[in-house]
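target18.csv follows; it contains CSV, C-alpha atoms.
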```
chain,number,residue,atom,x,y,z
N,1,THR,CA,49.6,59.8,69.1
N,2,ALA,CA,46.0,61.3,69.1
N,3,ALA,CA,45.1,58.9,66.3
N,4,LEU,CA,46.5,56.0,68.3
N,5,VAL,CA,44.2,56.9,71.2
N,6,ARG,CA,41.2,57.1,68.9
N,7,LEU,CA,42.1,53.8,67.4
N,8,ALA,CA,42.4,52.2,70.8
N,9,ILE,CA,38.9,53.4,71.6
N,10,ALA,CA,37.4,52.3,68.3
N,11,ILE,CA,38.8,48.7,68.1
N,12,PRO,CA,40.3,47.7,71.5
N,13,ASP,CA,39.5,44.0,71.1
N,14,SER,CA,41.2,43.7,67.8
N,15,LEU,CA,44.3,45.5,69.1
N,16,MET,CA,44.4,43.4,72.2
N,17,MET,CA,45.2,40.4,70.0
N,18,ILE,CA,48.7,41.9,69.5
N,19,TYR,CA,48.9,43.7,72.8
N,20,ALA,CA,52.2,42.1,73.9
N,21,ASP,CA,53.9,43.5,70.8
N,22,LEU,CA,52.2,46.9,71.1
N,23,SER,CA,53.2,47.1,74.8
N,24,GLN,CA,56.8,46.4,74.0
N,25,LEU,CA,56.9,48.9,71.2
N,26,VAL,CA,55.2,51.6,73.4
N,27,GLN,CA,57.6,51.0,76.3
N,28,SER,CA,60.6,51.3,74.0
N,29,HIS,CA,59.4,54.7,72.8
N,30,ILE,CA,58.7,55.9,76.4
N,31,ALA,CA,62.3,54.9,77.3
N,32,ASP,CA,63.7,56.9,74.4
N,33,PRO,CA,65.1,60.2,75.6
N,34,ASP,CA,64.5,61.8,72.2
N,35,VAL,CA,60.7,61.3,72.5
N,36,THR,CA,59.0,64.4,74.0
N,37,ARG,CA,57.2,64.1,77.4
N,38,THR,CA,53.9,65.0,75.7
N,39,VAL,CA,54.2,62.1,73.3
N,40,LYS,CA,55.2,59.8,76.1
N,41,GLY,CA,52.1,60.8,78.0
N,42,HIS,CA,49.9,60.1,75.0
N,43,LEU,CA,51.5,56.7,74.5
N,44,SER,CA,50.6,55.7,78.1
N,45,GLU,CA,47.1,57.1,77.4
N,46,PHE,CA,46.9,54.9,74.4
N,47,GLN,CA,47.8,51.8,76.4
N,48,LEU,CA,45.3,52.6,79.1
N,49,ALA,CA,42.5,53.4,76.7
N,50,LEU,CA,43.1,50.1,75.0
N,51,ILE,CA,43.1,48.2,78.2
N,52,ALA,CA,40.0,50.0,79.6
N,53,GLY,CA,37.9,49.4,76.5
N,54,ALA,CA,38.9,45.7,76.1
N,55,SER,CA,36.3,43.0,76.6
N,56,ARG,CA,38.1,41.6,79.6
N,57,THR,CA,37.1,41.2,83.2
N,58,LEU,CA,37.9,44.1,85.6
N,59,ALA,CA,40.5,42.0,87.3
N,60,GLU,CA,42.2,41.3,84.0
N,61,ARG,CA,42.2,44.9,82.9
N,62,LYS,CA,43.6,46.0,86.3
N,63,GLN,CA,46.4,43.5,85.9
N,64,LEU,CA,47.3,44.7,82.5
N,65,ALA,CA,47.0,48.4,83.5
N,66,GLN,CA,49.2,48.0,86.6
N,67,PRO,CA,52.5,47.9,84.7
N,68,VAL,CA,51.5,51.1,82.9
N,69,VAL,CA,50.5,53.0,86.1
N,70,GLN,CA,53.3,51.7,88.4
N,71,PRO,CA,56.2,53.5,86.7
N,72,ILE,CA,54.3,56.8,87.1
N,73,ILE,CA,53.9,56.1,90.8
N,74,ASP,CA,57.6,55.0,91.2
N,75,ALA,CA,58.9,58.1,89.4
N,76,LEU,CA,56.7,60.4,91.6
N,77,HIS,CA,58.0,58.7,94.8
N,78,GLU,CA,61.6,58.9,93.6
N,79,LEU,CA,61.3,62.7,93.7
N,80,MET,CA,59.4,62.8,97.0
N,81,PRO,CA,62.5,63.6,99.1
N,82,ALA,CA,62.8,66.9,97.2
N,83,LEU,CA,59.2,67.8,98.0
N,84,GLN,CA,59.6,67.6,101.8
N,85,SER,CA,60.4,71.3,102.2
N,86,PRO,CA,60.6,74.4,100.0
N,87,THR,CA,64.4,74.4,100.6
N,88,GLU,CA,64.7,70.9,99.1
N,89,PHE,CA,62.5,71.8,96.2
N,90,ILE,CA,64.5,74.9,95.4
N,91,THR,CA,67.6,72.6,95.2
N,92,LEU,CA,65.7,70.3,92.9
N,93,LEU,CA,64.9,73.2,90.6
N,94,GLY,CA,68.7,74.0,90.4
N,95,LEU,CA,68.5,77.5,91.9
N,96,PRO,CA,71.5,77.2,94.2
N,97,ALA,CA,73.7,76.1,91.2
N,98,LEU,CA,72.3,79.1,89.2
N,99,ASP,CA,73.2,81.3,92.1
N,100,GLN,CA,76.8,80.0,92.1
N,101,ALA,CA,77.1,80.6,88.4
N,102,TYR,CA,76.0,84.2,88.7
N,103,ALA,CA,78.3,84.7,91.7
N,104,GLN,CA,81.4,83.2,89.9
N,105,GLY,CA,80.7,85.0,86.7
N,106,SER,CA,81.0,81.8,84.7
N,107,ILE,CA,79.6,78.2,84.4
N,108,SER,CA,82.3,75.8,85.7
N,109,PRO,CA,82.1,72.1,84.7
N,110,ASP,CA,80.9,71.3,88.2
N,111,ILE,CA,78.1,73.8,88.1
N,112,ARG,CA,77.2,72.7,84.6
N,113,ALA,CA,76.8,69.1,85.8
N,114,VAL,CA,74.5,70.2,88.6
N,115,LEU,CA,72.4,72.3,86.3
N,116,GLU,CA,72.1,69.4,83.9
N,117,ALA,CA,71.0,67.1,86.7
N,118,ALA,CA,68.5,69.7,87.9
N,119,ARG,CA,67.2,70.0,84.3
N,120,SER,CA,66.7,66.3,84.2
N,121,ASN,CA,64.8,66.2,87.5
N,122,ARG,CA,62.5,69.0,86.3
N,123,ALA,CA,61.8,67.2,83.1
N,124,GLN,CA,61.1,63.9,85.0
N,125,LEU,CA,58.7,65.6,87.3
N,126,GLY,CA,57.0,67.4,84.5
N,127,GLN,CA,56.7,64.2,82.5
N,128,VAL,CA,55.2,62.3,85.4
N,129,LEU,CA,52.5,64.8,86.0
N,130,THR,CA,51.7,65.2,82.3
N,131,THR,CA,51.4,61.4,81.8
N,132,LEU,CA,49.4,61.0,85.0
N,133,TYR,CA,46.9,63.7,83.9
N,134,VAL,CA,46.3,62.3,80.4
N,135,CYS,CA,45.9,58.8,81.9
N,136,LEU,CA,43.4,60.0,84.5
N,137,ASN,CA,41.5,62.1,82.0
N,138,ARG,CA,41.2,59.1,79.7
N,139,THR,CA,40.2,56.5,82.3
N,140,ILE,CA,38.0,58.4,84.8
N,141,GLY,CA,37.0,61.5,82.9
N,142,ASP,CA,33.4,60.5,82.3
N,143,ARG,CA,31.5,58.7,85.1
N,144,ASN,CA,29.2,57.0,82.6
N,145,SER,CA,32.0,55.9,80.2
N,146,THR,CA,32.8,52.3,79.5
N,147,LEU,CA,36.4,53.3,79.7
N,148,ASN,CA,36.3,54.0,83.5
N,149,LEU,CA,39.0,52.3,85.5
N,150,VAL,CA,38.2,53.9,88.8
N,151,SER,CA,38.9,50.8,90.8
N,152,LEU,CA,42.5,50.8,89.4
N,153,TRP,CA,43.1,54.3,90.7
N,154,ASN,CA,41.3,53.4,94.0
N,155,ASP,CA,44.1,50.8,94.6
N,156,CYS,CA,46.9,53.4,94.3
N,157,ILE,CA,45.2,56.6,95.4
N,158,GLY,CA,47.2,56.6,98.6
N,159,ASP,CA,50.4,56.6,96.6
N,160,LEU,CA,49.4,59.5,94.3
N,161,VAL,CA,47.6,62.2,96.4
N,162,PRO,CA,50.2,62.8,99.2
N,163,PRO,CA,53.1,63.6,96.8
N,164,ILE,CA,50.9,65.9,94.7
N,165,LEU,CA,49.8,67.8,97.8
N,166,LEU,CA,53.4,68.1,98.8
N,167,LEU,CA,54.3,69.4,95.4
N,168,ILE,CA,51.5,72.0,95.4
N,169,ARG,CA,52.5,73.2,98.8
N,170,CYS,CA,56.2,73.6,97.7
N,171,LEU,CA,55.1,75.4,94.5
N,172,HIS,CA,52.9,77.9,96.5
N,173,ALA,CA,55.8,78.4,99.0
N,174,MET,CA,58.0,79.7,96.2
N,175,TRP,CA,56.0,83.0,96.4
N,176,ASN,CA,56.8,83.4,100.1
N,177,PRO,CA,60.3,85.0,100.6
N,178,ALA,CA,60.4,83.7,104.1
N,179,HIS,CA,61.1,80.2,102.7
N,180,TYR,CA,64.3,81.2,100.8
N,181,GLN,CA,65.7,84.5,102.1
N,182,HIS,CA,67.6,82.7,104.9
N,183,LEU,CA,69.6,80.6,102.5
N,184,SER,CA,73.2,81.4,101.8
N,185,TRP,CA,72.8,83.1,98.5
N,186,GLN,CA,75.9,84.6,96.9
N,187,SER,CA,74.7,86.6,93.9
N,188,GLN,CA,72.6,89.8,93.7
N,189,GLN,CA,70.2,88.1,91.3
N,190,ALA,CA,69.2,85.6,94.0
N,191,HIS,CA,67.4,88.3,96.0
N,192,GLY,CA,64.6,88.3,93.3
N,193,LEU,CA,64.9,84.6,92.9
N,194,PHE,CA,66.3,85.2,89.4
N,195,GLY,CA,62.9,86.3,88.1
N,196,VAL,CA,61.6,82.8,87.9
N,197,LEU,CA,58.4,83.8,89.7
N,198,ASP,CA,57.5,86.4,87.1
N,199,MET,CA,54.6,85.7,84.7
N,200,THR,CA,55.7,84.0,81.5
N,201,GLU,CA,54.8,85.4,78.2
N,202,GLY,CA,52.6,82.3,77.7
N,203,GLU,CA,50.7,82.9,81.0
N,204,ARG,CA,50.3,86.6,80.0
N,205,GLN,CA,48.8,85.7,76.6
N,206,SER,CA,46.5,83.1,78.1
N,207,ILE,CA,45.1,85.8,80.3
N,208,ILE,CA,44.6,88.5,77.7
N,209,GLY,CA,44.0,86.3,74.7
N,210,GLY,CA,46.0,85.8,71.6
N,211,GLU,CA,49.2,83.8,70.9
N,212,ALA,CA,52.4,83.9,72.9
N,213,GLU,CA,55.3,85.6,71.3
N,214,ALA,CA,58.3,83.5,70.5
N,215,ASP,CA,61.2,83.6,72.9
N,216,HIS,CA,64.2,84.8,70.9
N,217,THR,CA,66.7,84.4,73.8
N,218,SER,CA,69.9,82.9,72.6
N,219,SER,CA,72.5,81.1,74.6
N,220,THR,CA,75.3,81.4,72.0
N,221,THR,CA,76.5,84.8,73.0
N,222,GLY,CA,79.3,85.3,75.5
N,223,SER,CA,77.8,87.4,78.3
N,224,GLN,CA,76.9,85.6,81.5
N,225,GLN,CA,73.4,87.0,81.5
N,226,GLN,CA,72.7,85.6,78.1
N,227,GLN,CA,74.3,82.2,78.9
N,228,LEU,CA,72.1,81.8,82.0
N,229,ALA,CA,68.9,83.3,80.7
N,230,PRO,CA,67.7,80.1,79.0
N,231,GLU,CA,68.1,78.2,82.3
N,232,THR,CA,66.2,80.9,84.2
N,233,HIS,CA,63.4,80.9,81.6
N,234,ALA,CA,63.2,77.1,81.7
N,235,ILE,CA,62.7,77.1,85.5
N,236,GLN,CA,60.2,79.9,85.2
N,237,HIS,CA,58.2,77.9,82.6
N,238,THR,CA,58.5,74.7,84.7
N,239,LEU,CA,56.9,76.3,87.8
N,240,GLY,CA,53.8,77.4,85.8
N,241,SER,CA,53.6,74.0,84.0
N,242,LEU,CA,54.0,72.0,87.2
N,243,LEU,CA,51.4,74.1,89.1
N,244,SER,CA,48.8,73.7,86.3
N,245,SER,CA,49.4,69.9,86.0
N,246,ALA,CA,49.3,69.3,89.7
N,247,TYR,CA,46.0,71.2,90.1
N,248,LYS,CA,44.5,69.2,87.2
N,249,CYS,CA,45.7,65.9,88.6
N,250,LEU,CA,44.4,66.6,92.0
N,251,GLY,CA,41.0,67.7,90.7
N,252,ARG,CA,40.7,64.6,88.5
N,253,LEU,CA,41.7,62.3,91.4
N,254,SER,CA,38.7,63.6,93.3
N,255,CYS,CA,36.6,61.3,91.0
N,256,VAL,CA,38.1,58.4,93.0
N,257,PRO,CA,36.0,57.5,96.0
N,258,ASP,CA,38.8,56.3,98.2
N,259,MET,CA,40.6,59.6,98.0
N,260,PHE,CA,38.3,61.0,100.7
N,261,THR,CA,38.4,58.0,103.0
N,262,LYS,CA,41.9,56.4,102.6
N,263,VAL,CA,44.3,59.3,102.1
N,264,PRO,CA,45.6,60.2,105.6
N,265,ASP,CA,44.8,63.7,106.9
N,266,LEU,CA,43.5,64.7,103.4
N,267,ALA,CA,41.3,67.6,104.7
N,268,ASP,CA,44.1,69.1,106.9
N,269,ASN,CA,46.8,68.7,104.2
N,270,PHE,CA,44.5,70.2,101.5
N,271,ALA,CA,43.8,73.2,103.8
N,272,ALA,CA,47.6,73.6,104.3
N,273,CYS,CA,48.0,73.7,100.5
N,274,LEU,CA,45.4,76.4,100.3
N,275,PHE,CA,46.4,78.7,103.1
N,276,ALA,CA,50.0,78.1,104.2
N,277,ASP,CA,51.2,80.8,101.8
N,278,ALA,CA,47.9,82.2,100.6
N,279,GLU,CA,48.6,85.8,101.5
N,280,VAL,CA,51.6,86.0,99.2
N,281,MET,CA,50.5,83.7,96.4
N,282,ALA,CA,50.2,85.3,92.9
N,283,ALA,CA,46.7,86.4,92.2
N,284,ARG,CA,46.8,84.6,88.8
N,285,HIS,CA,46.9,81.2,90.4
N,286,TRP,CA,43.6,81.5,92.4
N,287,ARG,CA,41.4,81.2,89.3
N,288,HIS,CA,43.0,77.8,88.4
N,289,LEU,CA,43.0,76.6,92.0
N,290,LEU,CA,39.3,77.3,92.3
N,291,SER,CA,38.4,76.0,88.8
N,292,ASP,CA,40.7,73.0,88.6
N,293,VAL,CA,40.8,71.8,92.2
N,294,ALA,CA,38.1,73.2,94.5
N,295,MET,CA,35.2,73.0,92.0
N,296,PRO,CA,35.8,69.4,90.9
N,297,MET,CA,36.3,68.3,94.5
N,298,LEU,CA,33.0,69.6,95.6
N,299,GLN,CA,31.3,68.4,92.5
N,300,ASN,CA,32.7,64.8,92.7
N,301,VAL,CA,32.2,64.1,96.4
N,302,GLY,CA,29.5,61.4,96.5
N,303,ASN,CA,29.1,61.6,92.7
N,304,TRP,CA,31.6,58.9,91.8
N,305,PRO,CA,31.6,56.7,88.7
N,306,GLY,CA,29.5,53.6,89.2
N,307,MET,CA,27.6,55.1,92.2
N,308,ASP,CA,24.3,56.9,92.4
N,309,ALA,CA,24.6,59.8,94.8
N,310,SER,CA,20.9,59.8,95.4
N,311,THR,CA,21.2,56.4,97.1
N,312,HIS,CA,24.2,57.4,99.1
N,313,LEU,CA,23.0,60.7,100.5
N,314,ASP,CA,24.1,60.0,104.1
N,315,GLN,CA,27.6,58.9,103.0
N,316,SER,CA,28.0,61.9,100.7
N,317,ARG,CA,26.9,64.4,103.4
N,318,ASP,CA,29.2,62.8,105.9
N,319,THR,CA,32.1,62.8,103.5
N,320,ILE,CA,31.5,66.4,102.5
N,321,GLY,CA,31.2,67.5,106.1
N,322,CYS,CA,34.4,65.8,107.2
N,323,PHE,CA,36.4,66.9,104.1
N,324,ALA,CA,35.2,70.5,103.7
N,325,ALA,CA,35.0,71.6,107.3
N,326,SER,CA,38.6,72.5,107.6
N,327,TRP,CA,39.0,74.6,104.4
N,328,LEU,CA,35.6,75.7,102.9
N,329,SER,CA,34.7,78.4,105.4
N,330,PRO,CA,38.2,79.8,105.5
N,331,LEU,CA,38.3,79.8,101.7
N,332,PHE,CA,35.0,81.9,101.7
N,333,ALA,CA,36.5,84.4,104.1
N,334,PHE,CA,39.9,84.6,102.3
N,335,CYS,CA,38.5,85.0,98.8
N,336,THR,CA,35.8,87.5,99.9
N,337,ASN,CA,38.3,89.7,101.7
N,338,LYS,CA,41.0,89.5,99.0
N,339,LEU,CA,38.6,90.2,96.2
N,340,ASP,CA,37.0,93.1,98.1
N,341,ALA,CA,40.4,94.6,98.5
N,342,GLU,CA,41.4,94.0,94.9
N,343,TRP,CA,38.2,95.5,93.5
N,344,HIS,CA,38.5,98.5,95.9
N,345,THR,CA,42.0,99.1,94.5
N,346,LEU,CA,40.8,98.8,90.9
N,347,VAL,CA,37.8,101.1,91.4
N,348,THR,CA,40.0,103.7,93.2
N,349,ARG,CA,42.6,103.6,90.4
N,350,GLY,CA,40.0,103.6,87.6
N,351,MET,CA,39.2,100.5,85.7
N,352,THR,CA,39.8,99.6,82.0
N,353,PRO,CA,36.8,100.7,79.8
N,354,SER,CA,34.6,97.7,79.1
N,355,ASN,CA,35.2,97.8,75.4
N,356,GLN,CA,38.9,97.3,76.0
N,357,ALA,CA,38.6,94.9,78.9
N,358,SER,CA,36.7,92.5,76.7
N,359,GLY,CA,39.2,92.7,73.9
N,360,LEU,CA,42.7,93.1,75.3
N,361,GLN,CA,44.1,90.9,72.6
N,362,SER,CA,43.2,93.5,70.0
N,363,ALA,CA,46.2,95.0,68.1
N,364,GLU,CA,44.7,98.4,68.7
N,365,VAL,CA,44.9,98.1,72.5
N,366,SER,CA,48.2,98.7,74.2
N,367,VAL,CA,48.1,96.2,77.1
N,368,THR,CA,49.7,97.4,80.3
N,369,ASP,CA,50.5,95.4,83.4
N,370,GLU,CA,47.6,97.1,85.2
N,371,MET,CA,45.2,95.9,82.5
N,372,VAL,CA,46.5,92.4,82.8
N,373,HIS,CA,46.2,92.4,86.6
N,374,GLU,CA,42.6,93.7,86.2
N,375,GLN,CA,41.8,90.8,83.9
N,376,ILE,CA,43.3,88.4,86.5
N,377,VAL,CA,41.0,89.8,89.2
N,378,ARG,CA,38.0,89.5,86.8
N,379,ASP,CA,38.9,85.8,86.1
N,380,TRP,CA,39.4,85.1,89.8
N,381,THR,CA,36.0,86.7,90.6
N,382,ARG,CA,34.3,84.7,87.9
N,383,ALA,CA,35.8,81.4,89.2
N,384,TRP,CA,34.8,82.3,92.7
N,385,SER,CA,31.3,83.2,91.7
N,386,GLN,CA,30.9,79.8,89.9
N,387,LEU,CA,32.1,78.0,92.9
N,388,VAL,CA,29.6,79.8,95.2
N,389,VAL,CA,26.8,79.1,92.7
N,390,GLU,CA,27.8,75.4,92.6
N,391,LEU,CA,27.5,75.2,96.4
N,392,LEU,CA,24.1,76.9,96.4
N,393,VAL,CA,22.5,74.7,93.8
N,394,SER,CA,24.1,71.4,94.9
```

Show me, as structure tokens, the structure contained in the file I just sent.
Amino acid sequence: TAALVRLAIAIPDSLMMIYADLSQLVQSHIADPDVTRTVKGHLSEFQLALIAGASRTLAERKQLAQPVVQPIIDALHELMPALQSPTEFITLLGLPALDQAYAQGSISPDIRAVLEAARSNRAQLGQVLTTLYVCLNRTIGDRNSTLNLVSLWNDCIGDLVPPILLLIRCLHAMWNPAHYQHLSWQSQQAHGLFGVLDMTEGERQSIIGGEAEADHTSSTTGSQQQQLAPETHAIQHTLGSLLSSAYKCLGRLSCVPDMFTKVPDLADNFAACLFADAEVMAARHWRHLLSDVAMPMLQNVGNWPGMDASTHLDQSRDTIGCFAASWLSPLFAFCTNKLDAEWHTLVTRGMTPSNQASGLQSAEVSVTDEMVHEQIVRDWTRAWSQLVVELLVS
């Protein structure tokens, strides 16, 4: 699939001569349930790269791209009812059915059907975000690229940003027990939300370096715990994957000028995403929230593809002022206070020696949870410092 994208960039006009056949072939693969969501995302990327690079008018390219983009929008909106509240989102994930399975001590046919439906919904949401990100990255990743299709995304920005903001808010809410403790849980495992909020091995390895260990969990054994463990691990992985993809999509969409003027209540909704459950969010998420969302938003305001920010200073300043007023100052206060508290705790406890902190992935170093948390705080501090520097020099 990567080779297809490179081919589309290299010879778009030659491939456009057979575009109808290519499009039909691509759509048949996207509809194939045996094709992975990563491959499906790259197939859509191939189509958009081909359209973006073709020697056609902008109107023609937008017309060709619309059938590629519209299914992404439709699939996202199909899942919007489940993003209206943390309770609905928990149901979409399949946690109530998992609770019933633990409480009954077995997986009945009815529960199995619900779990399978939830698995399908999670896969659909993951595929939508993965596809959206690779398409955005290909068509608006470089403001000076001939492959820019910003005007296409301008037309549908109002359909994309609100559900992504809702999703991020629901994901953040998962770390706040107040959103799910009141539900009628039946099993003891539900009180810890089945461990789905714990750091995955992949997340841990991305923090300390090295490769993630293989998950040798098997679902073939008879115990209830081993039967349900794969489902729990799948939900756990989904949460991390969705959060990462949603952050990246929102950050990339900030390259679209109309995001800041045509999305209703953008500033207030973005502030709600940041702070509604900020006090209980996992520390490991703040680095990505700052690097993948806050930083590109501040960098891209007024610096949009096809526009010279130096000739639109008044517009840029007004947009920055209106958009950032509701969340930038509170973000400064929150990150400063939280990081001060984290570093005070680390210094009081005694920090990891510098030679170990810079090489946690080494086989000679036994990595503890405390060392991983310290690295998380270091990464958060680095991302925060970079954001502050960006504000000072911009």

At a cut-off of 10 Å, using all atoms listed in the file, what residues contact Ala101 in chain N? Leave out same-chain residues fewer than 5 positions from it and give the result as a list of chain:residue names. N:Leu95, N:Pro96, N:Ser106, N:Ile107, N:Ser108, N:Ile111, N:Arg112, N:Leu115, N:Gln186, N:Ser187, N:Gln224, N:Leu228

Can you tell me which residues surround range 328-338 of chain N at a distance of at most 9 Å, considering all atoms listed in the file, apart from same-chain residues fewer than 2 positions away, and format the answer as a list in words?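 Non-adjacent residues within range: Ala271, Leu274, Phe275, Ala278, Glu279, Trp286, Phe323, Ala324, Ala325, Ser326, Asp340, Ala341, Glu342, Trp343, Thr381, Trp384 and Val388 of chain N.
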
Close residues, Leu197 in chain N itself excluded, 12 Å, only C-alpha atoms, min 4 positions apart in chain, as an NGL selection string: :N and (171-177 or 190-193 or 203 or 232-240 or 243 or 280-282 or 284-285)

With C-alpha atoms retained, write the just-selected residues as a compact mmCIF listing (two decimals), keeping the file's coordinate frame.
```txt
# COMPACT_ATOMS: atom_id res chain seq x y z
CA LEU N 171 55.10 75.40 94.50
CA HIS N 172 52.90 77.90 96.50
CA ALA N 173 55.80 78.40 99.00
CA MET N 174 58.00 79.70 96.20
CA TRP N 175 56.00 83.00 96.40
CA ASN N 176 56.80 83.40 100.10
CA PRO N 177 60.30 85.00 100.60
CA ALA N 190 69.20 85.60 94.00
CA HIS N 191 67.40 88.30 96.00
CA GLY N 192 64.60 88.30 93.30
CA LEU N 193 64.90 84.60 92.90
CA GLU N 203 50.70 82.90 81.00
CA THR N 232 66.20 80.90 84.20
CA HIS N 233 63.40 80.90 81.60
CA ALA N 234 63.20 77.10 81.70
CA ILE N 235 62.70 77.10 85.50
CA GLN N 236 60.20 79.90 85.20
CA HIS N 237 58.20 77.90 82.60
CA THR N 238 58.50 74.70 84.70
CA LEU N 239 56.90 76.30 87.80
CA GLY N 240 53.80 77.40 85.80
CA LEU N 243 51.40 74.10 89.10
CA VAL N 280 51.60 86.00 99.20
CA MET N 281 50.50 83.70 96.40
CA ALA N 282 50.20 85.30 92.90
CA ARG N 284 46.80 84.60 88.80
CA HIS N 285 46.90 81.20 90.40
```

Taking all atoms listed in the file into account, which of N:Thr36, N:Gln386, N:Ser23, N:Ser245 comes nearest Asn137 in chain N? N:Ser245

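Candidate residues N:Ala113, N:Leu22, N:Leu298, N:Cys255 were compared for distance to Leu149 in chain N, and the nearest is N:Cys255, using all atoms listed in the file.
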
Would you work out the distance separating CA of Asp13 in chain N from CA of Leu50 in chain N, expressed in Å to one decimal? 8.1 Å

Do you have the CA of Tyr133 in chain N-CA of Cys249 in chain N distance handy? 5.3 Å

Smallest atom-to-atom distance to Ala118 in chain N: which of N:Glu231, N:Asp292, N:Glu45, N:Asp159, using all atoms listed in the file?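 Smallest separation from Ala118 in chain N among the options: N:Glu231.
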
Got a sec: who's within 10 Å of Asn121 in chain N, counting only C-alpha atoms, leaving out chain neighbours fewer than 4 positions off, as a ChimeraX atom specification? /N:79,82,92-94,115-117,125-127

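Ranking N:Pro257, N:Gln188, N:Val5, N:Met371 by their shortest atom-to-atom distance to Gly105 in chain N, with only C-alpha atoms included, puts N:Gln188 first.
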
What's the separation between CA of Thr368 in chain N and CA of His344 in chain N, in Å to one decimal place? 19.2 Å

Calculated over all atoms listed in the file, which of the candidates N:Leu253, N:Leu391, N:Cys135, N:Ile208 has the smallest distance to Ile164 in chain N? N:Leu253

Please work out which residues fall within 12 Å of (44.8, 54.2, 93.7), coordinates as given in the file, with only C-alpha atoms counting, and return them as a PyMOL selection string. chain N and resi 62+65-66+69-70+72-73+132+136+140+149-162+253-263

Residues near Ala52 in chain N, anyone? I mean within 9 Å using only C-alpha atoms, not counting same-chain ones fewer than 5 positions away, as a short mmCIF file (atom, residue, chain, number, x, y, z; two decimals) with C-alpha atoms, keeping the file's coordinate frame.
```cif
data_model
loop_
_atom_site.label_atom_id
_atom_site.label_comp_id
_atom_site.auth_asym_id
_atom_site.auth_seq_id
_atom_site.Cartn_x
_atom_site.Cartn_y
_atom_site.Cartn_z
CA ILE N 9 38.90 53.40 71.60
CA PRO N 12 40.30 47.70 71.50
CA GLN N 47 47.80 51.80 76.40
CA LEU N 58 37.90 44.10 85.60
CA ARG N 61 42.20 44.90 82.90
CA LYS N 62 43.60 46.00 86.30
CA ALA N 65 47.00 48.40 83.50
CA THR N 139 40.20 56.50 82.30
CA THR N 146 32.80 52.30 79.50
CA LEU N 147 36.40 53.30 79.70
CA ASN N 148 36.30 54.00 83.50
CA LEU N 149 39.00 52.30 85.50
#
```

Which residue out of N:His373, N:Lys40, N:Glu390, N:Phe194 has the minimum interatomic distance to Asn300 in chain N when all atoms listed in the file are used?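 Going through N:His373, N:Lys40, N:Glu390, N:Phe194 one by one, the smallest distance to Asn300 in chain N is for N:Glu390.
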